[in-house]
Amino acid sequence: MTQTEVDGIVKQYGAKESAILAVLQDIQSKEKYLPKETLEYVSQRMGIPMATIFRIATFYNALSIKPRGRHKIDVCMGTACHVRGGTKILDKLERDLGISVGETTKDKRFTLESVRCVGCCSLGPVAVVDGEVFGRLTQDKMPSILKEFK
Amino acid sequence: MIPFMIDGQPVEGKEGGNVLEVALDAGIEIPHLCYNESVRPYGACRLCLVEVSRRGRTRLTTACTYPVLEGIEVYTQTEKVLRARRMIIELILAMCPGDQLIQDMAREMGVHAVRFKQEDKDCILCGLCSRICEEVVGAHAIQFAFRGDRREMIPPFLGEAMNCIACGACVVACPVDVIKMKEEGDERTIVRWKRTLKMKQCKVCGNYFAPWFQLEKFRDQAKLQKDFFDVCYTCRT
């Protein structure tokens, strides 16, 4: 991310301490993670110590300091999805993508995460890909769903 | 001054003060790890738990974060308090089994065996180093990272703490003494923060006495003359 882009984001929220989370969120959604160099520039630009920014960046699950894939898959592991076979969906994805939960594929296409409950238990087992909810999943349905995300 | 009772003994505290500092001043022992009078109370170690009775209700609370209030009754040695403290020191001991101070405190409180899975950490995550760094030194070099059971006190991105001025305040403040500092020739290193800085030589005795970076920061903060730190503290006085 260029310094001009960061400047734009900072300008939008103001260079005050309370704006840091909003700034980090915007960088996260653009870059899919928080690169070290960008955070160093943000720290300098907003006058917030690097240690403080790192604390916030590592505290929230929505922020990541490791590079993420273009698409994020959240597999629901809430109680309802779990008893309806959520773990099998997760197993299938882990096997097909060759990664385990929390990791990103080598081609940066997918990042696999497990979440607790997405609030539509009647559709379980559920997975959310880039915000789009897929319900009543079976292992067989997974490859065709993944095909839609390049 | 606000009057109240600790273990039946009448004491007085100033407004805005906390129960722990009043107790310690009055010579009443309350075990504590994360409290330091030069920074704001944080309530991280939970060892200073006491029972506070106010308006007929009694509750367990940390003495360091409980404000001085008129007419409260504080009990530091009840069965409930001692039992809670034993559990807490056992948990801290499970986290840092190798630490001498924690071992001694645990033994004193009557904890001889740990029932929990033992970890091999050395830091008790009291946050004192970062609070001293922030509130007293003003360097903001170090902060907690991650959360929950993965919480750690590490420099940003596990690299060198670039804001660290190697003043050594955290080294002195750490209750379990796990932040080490070493001086070799004209260099001072804070090992845990991976920070090495060149030191300045005293014009009189020739000893290397403090890091350049630190002296310049202090000089600017206190608006001292340019040559104030040419001579070390011992030679100046």
# chains A, B, ... in the order shown; residues from 1 in each chain; ligands from 1
>>> interface_residues(of="chain B", to="chain A", cutoff="9 Å", atoms="only C-alpha atoms", output="list in words")
Ala139, His140, Ala141, Ile142, Gln143, Phe144, Ala145, Phe146, Arg147, Gly148, Arg151, Ile154, Pro155, Pro156, Phe157, Ala161, Met162 and Asn163 of chain B
>>> select_by_dssp(residues="chain A", states="alpha helix (DSSP H)", output="ChimeraX atom specification")
/A:3-13,20-31,36-46,50-59,79-83,86-97,142-147
>>> residues_around(residues="Gly131 of chain A", least_positions_apart="2", cutoff="12 Å", atoms="only C-alpha atoms", output="count of residues only")
12
>>> residues_around(residues="segment 15-23 of chain B", least_positions_apart="5", cutoff="9 Å", atoms="only C-alpha atoms", output="list in words")
Met1, Ile2, Ile6, Ile28, Glu29, Ile30, His32, Tyr35, Glu37, Pro41, Cys48, Thr62, Ala63, Cys64, Thr65, Tyr66, Pro67, Val68, Leu69 and Val74 of chain B
>>> residues_around(residues="segment 176-188 of chain B", least_positions_apart="3", cutoff="7 Å", atoms="only C-alpha atoms", output="number ranges by chain")
B: 99, 101, 122-123, 171, 191-192, 196-199, 208
>>> residues_around(residues="segment 11-13 of chain A", least_positions_apart="3", cutoff="8 Å", atoms="only C-alpha atoms", output="list in words")
Asp7, Gly8, Lys16, Ala19, Ala22 and Val23 of chain A
>>> residues_around(residues="Asn36 of chain B", least_positions_apart="5", cutoff="10 Å", atoms="only C-alpha atoms", output="list in words")
Glu21, Pro41, Tyr42, Cys64, Leu128, Arg131, Ile132, Ala173, Cys174 and Pro175 of chain B
>>> write_last_selection(atoms="C-alpha atoms", output="compact mmCIF listing (two decimals), in the first residue's frame")
# COMPACT_ATOMS: atom_id res chain seq x y z
CA GLU B 21 -1.38 1.79 49.27
CA PRO B 41 -3.12 0.56 39.43
CA TYR B 42 -3.96 -2.12 36.88
CA CYS B 64 -5.03 -1.92 44.28
CA LEU B 128 4.22 -3.37 34.75
CA ARG B 131 2.99 0.80 32.11
CA ILE B 132 6.29 2.16 33.48
CA ALA B 173 10.35 -2.68 37.82
CA CYS B 174 9.81 -6.30 36.68
CA PRO B 175 8.58 -8.23 39.73
>>> atom_distance(atom1="atom CA of Val50 of chain B", atom2="atom CA of Thr78 of chain B")
8.3 Å
